[in-house]
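S.K.: Contents are compact mmCIF, C-alpha atoms; file name run.txt:
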```txt
# COMPACT_ATOMS: atom_id res chain seq x y z
CA MET G 259 29.32 -14.57 9.04
CA SER G 260 27.85 -14.59 5.55
CA VAL G 261 25.88 -11.64 4.25
CA ASP G 262 22.66 -13.62 4.56
CA GLU G 263 23.01 -14.32 8.28
CA GLY G 264 21.26 -11.78 10.44
CA ALA G 265 20.51 -9.46 7.54
CA SER G 266 16.99 -8.29 6.90
CA PRO G 267 15.57 -8.19 3.39
CA ALA G 268 15.86 -4.94 1.50
CA PRO G 269 12.62 -3.11 0.82
CA VAL G 270 10.92 -3.26 -2.54
CA VAL G 271 9.13 -0.37 -4.21
CA LEU G 272 5.75 -1.27 -5.70
CA ASP G 273 5.31 0.66 -8.94
CA ALA G 274 2.05 1.93 -10.42
CA SER G 275 1.55 -1.16 -12.59
CA VAL G 276 1.42 -3.38 -9.50
CA LEU G 277 -0.94 -1.10 -7.62
CA ILE G 278 -3.20 -0.79 -10.66
CA GLU G 279 -3.62 -4.57 -10.87
CA ALA G 280 -4.21 -4.83 -7.15
CA ALA G 281 -6.83 -2.07 -7.33
CA ARG G 282 -8.53 -3.96 -10.16
CA GLY G 283 -8.88 -6.86 -7.74
CA ASP G 284 -6.23 -9.21 -9.11
CA GLY G 285 -6.19 -11.85 -6.37
CA GLU G 286 -2.84 -13.34 -7.35
CA ILE G 287 -1.10 -9.96 -7.19
CA MET G 288 -2.77 -9.25 -3.87
CA THR G 289 -1.67 -12.68 -2.59
CA LEU G 290 1.88 -11.94 -3.69
CA ILE G 291 1.85 -8.63 -1.83
CA GLN G 292 0.44 -10.33 1.25
CA GLY G 293 3.18 -12.95 1.04
CA TYR G 294 5.97 -10.39 1.18
CA ASP G 295 4.16 -8.52 3.90
CA ALA G 296 3.94 -11.72 5.94
CA GLU G 297 7.68 -12.26 5.46
CA GLY G 298 8.34 -8.81 6.89
CA ARG G 299 9.84 -7.38 3.72
CA PRO G 300 9.26 -3.61 3.75
CA LEU G 301 6.92 -2.60 0.94
CA LEU G 302 7.50 0.99 -0.14
CA ILE G 303 4.43 2.42 -1.79
CA PRO G 304 4.87 5.72 -3.64
CA VAL G 305 1.91 7.91 -2.83
CA LEU G 306 1.78 8.98 -6.48
CA ALA G 307 1.50 5.33 -7.55
CA VAL G 308 -1.56 5.09 -5.33
CA THR G 309 -2.95 8.09 -7.18
CA ALA G 310 -2.25 6.40 -10.52
CA ALA G 311 -4.08 3.25 -9.43
CA ALA G 312 -7.04 5.22 -8.10
CA LEU G 313 -7.27 7.10 -11.39
CA ASP G 314 -7.13 3.85 -13.37
CA THR G 315 -10.05 2.26 -11.57
CA ARG G 316 -12.60 4.71 -10.30
CA SER G 317 -14.59 2.62 -7.87
CA GLU G 318 -15.21 2.36 -4.16
CA ASP G 319 -13.81 -1.17 -4.15
CA ALA G 320 -10.56 0.00 -5.76
CA GLU G 321 -10.28 2.76 -3.20
CA ALA G 322 -10.88 0.28 -0.39
CA ILE G 323 -8.21 -2.08 -1.73
CA LEU G 324 -5.72 0.78 -1.96
CA TYR G 325 -6.70 1.95 1.49
CA GLY G 326 -6.06 -1.61 2.70
CA LEU G 327 -2.51 -1.47 1.36
CA GLU G 328 -1.72 1.16 3.94
CA ARG G 329 -2.89 -1.23 6.65
CA LEU G 330 -0.37 -3.93 5.75
CA ALA G 331 2.08 -4.44 8.59
CA SER G 332 5.15 -3.99 6.38
CA SER G 333 3.91 -1.28 4.06
CA VAL G 334 5.11 2.28 4.12
CA ILE G 335 3.32 4.91 2.09
CA VAL G 336 6.09 7.20 0.86
CA PRO G 337 4.97 10.80 0.42
CA VAL G 338 6.40 13.68 -1.53
CA GLN G 339 7.34 15.42 1.65
CA ASP G 340 8.32 18.94 0.81
CA ALA G 341 9.20 21.37 -1.96
CA GLU G 342 12.72 19.97 -2.24
CA GLN G 343 11.39 16.47 -2.89
CA ALA G 344 8.78 17.79 -5.30
CA LEU G 345 11.48 19.59 -7.26
CA ALA G 346 13.71 16.49 -7.28
CA LEU G 347 10.76 14.49 -8.58
CA ALA G 348 10.20 17.04 -11.34
CA ALA G 349 13.87 16.84 -12.28
CA VAL G 350 13.75 13.03 -12.57
CA THR G 351 10.50 13.19 -14.53
CA ALA G 352 12.03 15.64 -17.01
CA ARG G 353 15.30 13.72 -17.25
CA THR G 354 13.85 10.25 -17.75
CA GLY G 355 10.58 10.83 -19.55
CA LEU G 356 8.84 8.66 -16.99
CA ASP G 357 5.45 9.88 -15.87
CA PRO G 358 5.44 11.40 -12.38
CA TYR G 359 3.86 8.27 -10.88
CA ASP G 360 6.77 6.08 -11.98
CA ALA G 361 9.34 8.80 -11.49
CA HIS G 362 8.34 8.78 -7.84
CA ALA G 363 9.03 5.04 -7.70
CA ALA G 364 12.41 5.64 -9.35
CA VAL G 365 13.34 8.38 -6.88
CA ILE G 366 12.45 6.14 -3.94
CA ALA G 367 14.34 3.14 -5.32
CA ASP G 368 17.38 5.32 -5.96
CA ALA G 369 17.32 6.84 -2.48
CA GLU G 370 16.62 3.59 -0.63
CA ILE G 371 18.95 1.44 -2.78
CA CYS G 372 16.32 -1.17 -3.41
CA PRO G 373 14.57 -2.80 -6.38
CA ILE G 374 11.29 -1.85 -8.02
CA LEU G 375 8.61 -4.52 -8.25
CA THR G 376 6.74 -4.17 -11.53
CA LEU G 377 4.48 -5.83 -14.07
CA ASP G 378 6.11 -3.84 -16.87
CA ALA G 379 9.77 -4.76 -17.10
CA ALA G 380 10.10 -3.25 -20.59
CA LYS G 381 9.35 0.21 -19.26
CA TRP G 382 12.01 -0.05 -16.56
CA GLN G 383 14.49 -1.65 -18.95
CA GLU G 384 14.21 1.49 -21.04
CA HIS G 385 14.85 3.78 -18.08
CA ALA G 386 17.13 1.66 -15.88
CA ARG G 387 20.22 3.73 -16.68
CA ASP G 388 18.64 7.17 -16.71
CA LEU G 389 19.76 7.99 -13.18
CA ASP G 390 23.28 8.26 -11.78
CA GLU G 391 23.02 4.79 -10.27
CA PRO G 392 21.33 2.05 -12.32
CA LEU G 393 17.85 1.10 -11.22
CA HIS G 394 17.17 -2.53 -10.44
CA PHE G 395 13.75 -3.94 -11.11
CA VAL G 396 12.01 -7.26 -10.63
CA GLU G 397 9.17 -8.34 -12.87
CA ILE G 398 6.09 -10.11 -11.62
CA ALA G 399 5.25 -12.76 -14.17
CA GLU G 400 4.57 -16.41 -14.49
CA PRO G 401 7.79 -18.12 -15.55
CA ASP G 402 7.99 -19.50 -19.06
CA GLY G 403 6.47 -22.94 -19.41
CA ALA G 404 4.21 -22.52 -16.38
CA MET U 234 -0.43 -3.41 16.03
CA ARG U 235 -1.82 -3.65 12.53
CA SER U 236 -2.93 -7.17 11.76
CA TRP U 237 -4.58 -6.94 8.37
CA PRO U 238 -4.87 -7.41 5.48
CA GLY U 239 -1.48 -9.17 5.52
CA ASN U 240 -2.10 -11.29 8.56
CA GLU U 241 -5.78 -11.10 8.95
CA ARG U 242 -8.14 -12.71 11.34
CA ARG U 243 -10.70 -14.96 9.73
CA ASP U 244 -13.71 -13.57 11.53
CA ASP U 245 -15.47 -10.46 10.35
CA GLY U 246 -15.10 -8.58 13.57
CA PRO U 247 -18.07 -7.37 15.48
CA PRO U 248 -21.58 -8.27 14.37
CA GLU U 249 -23.21 -5.88 11.94
CA TYR U 250 -25.97 -4.31 13.92
CA ASP U 251 -25.94 -0.90 15.44
CA GLN U 252 -24.18 -1.59 18.68
CA SER U 253 -25.09 1.84 19.97
CA MET U 254 -28.63 0.49 20.22
CA THR U 255 -27.62 -2.31 22.53
CA GLU U 256 -24.67 -0.99 24.49
CA ARG U 257 -24.31 1.87 26.86
CA LYS U 258 -22.13 4.71 25.72
CA MET U 259 -18.62 4.73 27.13
CA ARG U 260 -17.07 7.93 28.37
CA VAL U 261 -13.57 8.55 27.02
CA THR U 262 -11.36 11.59 27.02
CA VAL U 263 -9.82 12.51 23.69
CA THR U 264 -7.70 15.38 22.44
CA ILE U 265 -8.50 16.73 19.00
CA ASP U 266 -7.18 19.54 16.83
CA PRO U 267 -8.78 22.96 17.51
CA HIS U 268 -10.12 23.33 13.99
CA LEU U 269 -11.84 19.93 14.22
CA ALA U 270 -13.31 20.77 17.60
CA ALA U 271 -14.59 24.04 16.15
CA TYR U 272 -16.08 22.19 13.18
CA ALA U 273 -17.84 19.70 15.46
CA GLU U 274 -19.30 22.53 17.51
CA GLN U 275 -20.39 24.26 14.31
CA LEU U 276 -22.26 21.12 13.22
CA VAL U 277 -24.03 21.01 16.57
CA GLU U 278 -24.94 24.69 16.41
CA ALA U 279 -26.29 24.22 12.89
CA GLY U 280 -28.44 21.35 14.08
CA GLN U 281 -26.61 18.81 11.94
CA ALA U 282 -25.47 16.78 14.94
CA ASP U 283 -26.84 16.22 18.40
CA SER U 284 -23.53 16.76 20.15
CA VAL U 285 -19.79 16.90 19.68
CA SER U 286 -19.73 13.32 20.97
CA ALA U 287 -22.13 12.32 18.20
CA VAL U 288 -19.83 13.86 15.61
CA VAL U 289 -16.81 11.97 16.96
CA ASN U 290 -18.86 8.77 17.19
CA SER U 291 -19.97 9.15 13.59
CA ALA U 292 -16.41 9.74 12.36
CA LEU U 293 -15.17 6.65 14.16
CA GLU U 294 -17.99 4.56 12.75
CA ALA U 295 -17.09 5.71 9.22
CA ARG U 296 -13.48 4.69 9.87
CA ARG U 297 -14.59 1.32 11.21
CA LEU U 298 -16.73 0.64 8.14
CA ARG U 299 -13.91 1.66 5.79
CA ASP U 300 -11.49 -0.71 7.57
CA GLN U 301 -14.05 -3.49 7.46
CA ARG U 302 -14.69 -3.04 3.75
CA ALA U 303 -10.98 -3.10 2.93
CA ARG U 304 -10.42 -6.17 5.11
CA ARG U 305 -13.27 -8.04 3.43
CA LEU U 306 -12.11 -7.21 -0.08
CA TRP U 307 -8.57 -8.35 0.63
CA ARG U 308 -9.81 -11.52 2.26
CA ASP U 309 -12.35 -12.39 -0.43
CA LEU U 310 -10.21 -11.55 -3.46
CA THR U 311 -7.15 -13.41 -2.19
CA ALA U 312 -9.38 -16.37 -1.31
CA GLN U 313 -10.52 -16.49 -4.95
CA ALA U 314 -6.94 -16.36 -6.26
CA ASP U 315 -5.25 -19.38 -7.78
CA PRO U 316 -2.75 -20.28 -5.03
CA GLU U 317 -0.53 -22.28 -7.38
CA LYS U 318 -0.30 -19.42 -9.83
CA ALA U 319 0.47 -16.99 -7.01
CA ALA U 320 3.16 -19.36 -5.71
CA ARG U 321 4.74 -19.63 -9.17
CA MET U 322 4.78 -15.85 -9.50
CA LYS U 323 6.34 -15.44 -6.07
CA ALA U 324 9.00 -18.05 -6.80
CA HIS U 325 9.83 -16.21 -10.00
CA VAL U 326 10.12 -12.90 -8.15
CA ASP U 327 12.17 -14.51 -5.36
CA ALA U 328 14.63 -15.87 -7.91
CA GLN U 329 15.09 -12.40 -9.40
CA LEU U 330 15.49 -10.83 -5.95
CA ALA U 331 18.15 -13.40 -5.09
CA ALA U 332 20.09 -12.47 -8.22
CA LEU U 333 20.30 -8.76 -7.36
CA PRO U 334 23.54 -7.20 -6.08
CA ALA U 335 23.95 -7.59 -2.31
CA SER U 336 23.39 -3.83 -1.92
CA HIS U 337 19.83 -4.34 -3.16
CA ARG U 338 19.13 -7.56 -1.28
CA TYR U 339 19.93 -6.86 2.37
CA ARG U 340 19.89 -4.21 5.04
```
Here is a file; write its structure as structure tokens.
M.R.:
Amino acid sequence: MSVDEGASPAPVVLDASVLIEAARGDGEIMTLIQGYDAEGRPLLIPVLAVTAAALDTRSEDAEAILYGLERLASSVIVPVQDAEQALALAAVTARTGLDPYDAHAAVIADAEICPILTLDAAKWQEHARDLDEPLHFVEIAEPDGA
Amino acid sequence: MRSWPGNERRDDGPPEYDQSMTERKMRVTVTIDPHLAAYAEQLVEAGQADSVSAVVNSALEARRLRDQRARRLWRDLTAQADPEKAARMKAHVDAQLAALPASHRYR
């Protein structure tokens, strides 16, 4: 049996840049998220990335869009669960120079062995090797020539 | 089972009038946390609610409206999106996902 047969897709972590665009009402980004949700790909949403998006766009619509993310069938809002996780997050933040919102995405991607979905590949390129295991990221963009 | 906004129905749910005006109340038994029960009773005692049932009813209505607002925004904003652009973006992401190490592609 090949790896593909019977295997389910790995989760993806949505970073703050993706949630910020969704909260701003970017229909294409929201459609993309819906598409992966419909395919049953687990969407891991760092709770701190939700905070970042809510801070970026202070409106009731933005809050409703972010609230709607939690209602997606395949989404999982990933909390900072306890003091141990909070301290681990602080350690990654200090070590990488990422802000806490993105450090949370990095911690989740590292723990879950899955890629980060982002609109800012340059940021992750800079920090991809800051952890013990390299981070993998996937950029949302229109391909060249489109 | 959650069915939205990823796999949403196309209707807007129930009509937008105050159904409490047209339907009889339904008796249900619920279990709530002690501090919330105490708060509901406090609201009644302070004259800010007619009954504990009214407090629970009001909280559920707020939840229903919040769900409805989120569902509408997701539906309307994705309906306005350029489907070809979204498809190109997804194809681009899919190609990158397919190129990841197997450890990051499958479970």
S.K.: Counting only C-alpha atoms, what are the residues of chain G within 7 Å of chain U, and for each of them which pair of atoms is the nearest and at what distance in Å, to one decimal? Sort the table by chain and rising number, as JSON lines.
M.R.:
```
{"residue": "G:Ala265", "atom": "CA", "partner": "U:Tyr339", "partner_atom": "CA", "distance": 5.8}
{"residue": "G:Ser266", "atom": "CA", "partner": "U:Arg340", "partner_atom": "CA", "distance": 5.3}
{"residue": "G:Pro267", "atom": "CA", "partner": "U:Tyr339", "partner_atom": "CA", "distance": 4.7}
{"residue": "G:Ala268", "atom": "CA", "partner": "U:Tyr339", "partner_atom": "CA", "distance": 4.6}
{"residue": "G:Gly283", "atom": "CA", "partner": "U:Leu310", "partner_atom": "CA", "distance": 6.5}
{"residue": "G:Gly285", "atom": "CA", "partner": "U:Thr311", "partner_atom": "CA", "distance": 4.6}
{"residue": "G:Glu286", "atom": "CA", "partner": "U:Ala319", "partner_atom": "CA", "distance": 4.9}
{"residue": "G:Met288", "atom": "CA", "partner": "U:Thr311", "partner_atom": "CA", "distance": 6.3}
{"residue": "G:Thr289", "atom": "CA", "partner": "U:Thr311", "partner_atom": "CA", "distance": 5.5}
{"residue": "G:Leu290", "atom": "CA", "partner": "U:Lys323", "partner_atom": "CA", "distance": 6.1}
{"residue": "G:Gln292", "atom": "CA", "partner": "U:Gly239", "partner_atom": "CA", "distance": 4.8}
{"residue": "G:Asp295", "atom": "CA", "partner": "U:Gly239", "partner_atom": "CA", "distance": 5.9}
{"residue": "G:Ala296", "atom": "CA", "partner": "U:Gly239", "partner_atom": "CA", "distance": 6.0}
{"residue": "G:Ala322", "atom": "CA", "partner": "U:Ala303", "partner_atom": "CA", "distance": 4.7}
{"residue": "G:Ile323", "atom": "CA", "partner": "U:Ala303", "partner_atom": "CA", "distance": 5.5}
{"residue": "G:Tyr325", "atom": "CA", "partner": "U:Ala303", "partner_atom": "CA", "distance": 6.8}
{"residue": "G:Gly326", "atom": "CA", "partner": "U:Ala303", "partner_atom": "CA", "distance": 5.1}
{"residue": "G:Arg329", "atom": "CA", "partner": "U:Trp237", "partner_atom": "CA", "distance": 6.2}
{"residue": "G:Leu330", "atom": "CA", "partner": "U:Gly239", "partner_atom": "CA", "distance": 5.4}
{"residue": "G:Ala331", "atom": "CA", "partner": "U:Arg235", "partner_atom": "CA", "distance": 5.6}
{"residue": "G:Ile371", "atom": "CA", "partner": "U:His337", "partner_atom": "CA", "distance": 5.9}
{"residue": "G:Cys372", "atom": "CA", "partner": "U:His337", "partner_atom": "CA", "distance": 4.7}
{"residue": "G:Pro373", "atom": "CA", "partner": "U:His337", "partner_atom": "CA", "distance": 6.4}
{"residue": "G:Val396", "atom": "CA", "partner": "U:Gln329", "partner_atom": "CA", "distance": 6.1}
{"residue": "G:Glu397", "atom": "CA", "partner": "U:Val326", "partner_atom": "CA", "distance": 6.6}
{"residue": "G:Ile398", "atom": "CA", "partner": "U:Val326", "partner_atom": "CA", "distance": 6.0}
{"residue": "G:Ala399", "atom": "CA", "partner": "U:Met322", "partner_atom": "CA", "distance": 5.6}
{"residue": "G:Glu400", "atom": "CA", "partner": "U:Met322", "partner_atom": "CA", "distance": 5.0}
{"residue": "G:Pro401", "atom": "CA", "partner": "U:His325", "partner_atom": "CA", "distance": 6.2}
```
S.K.: Any idea what the distance is between CA of Ala320 (chain G) and CA of Ala364 (chain G)?
M.R.: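 We find that CA of Ala320 (chain G) and CA of Ala364 (chain G) lie 23.9 Å from each other.
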S.K.: When distances are computed from all atoms listed in the file, which of G:Ala311, G:Leu327, G:Ala348, G:Leu375 shows the smallest separation from Ala363 (chain G)?
M.R.: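 Smallest distance to Ala363 (chain G) is found for G:Leu375.
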S.K.: If you count all atoms listed in the file, which residues fall within 7 Å of Pro304 (chain G), apart from same-chain ones fewer than 3 positions away, as a PyMOL selection string?
M.R.: chain G and resi 307-308+335-337+362-363
S.K.: What's the 9 Å shell around Asp314 (chain G), counting all atoms listed in the file, without same-chain residues fewer than 4 positions away, as a ChimeraX atom specification?
M.R.: /G:278,281-282,309-310
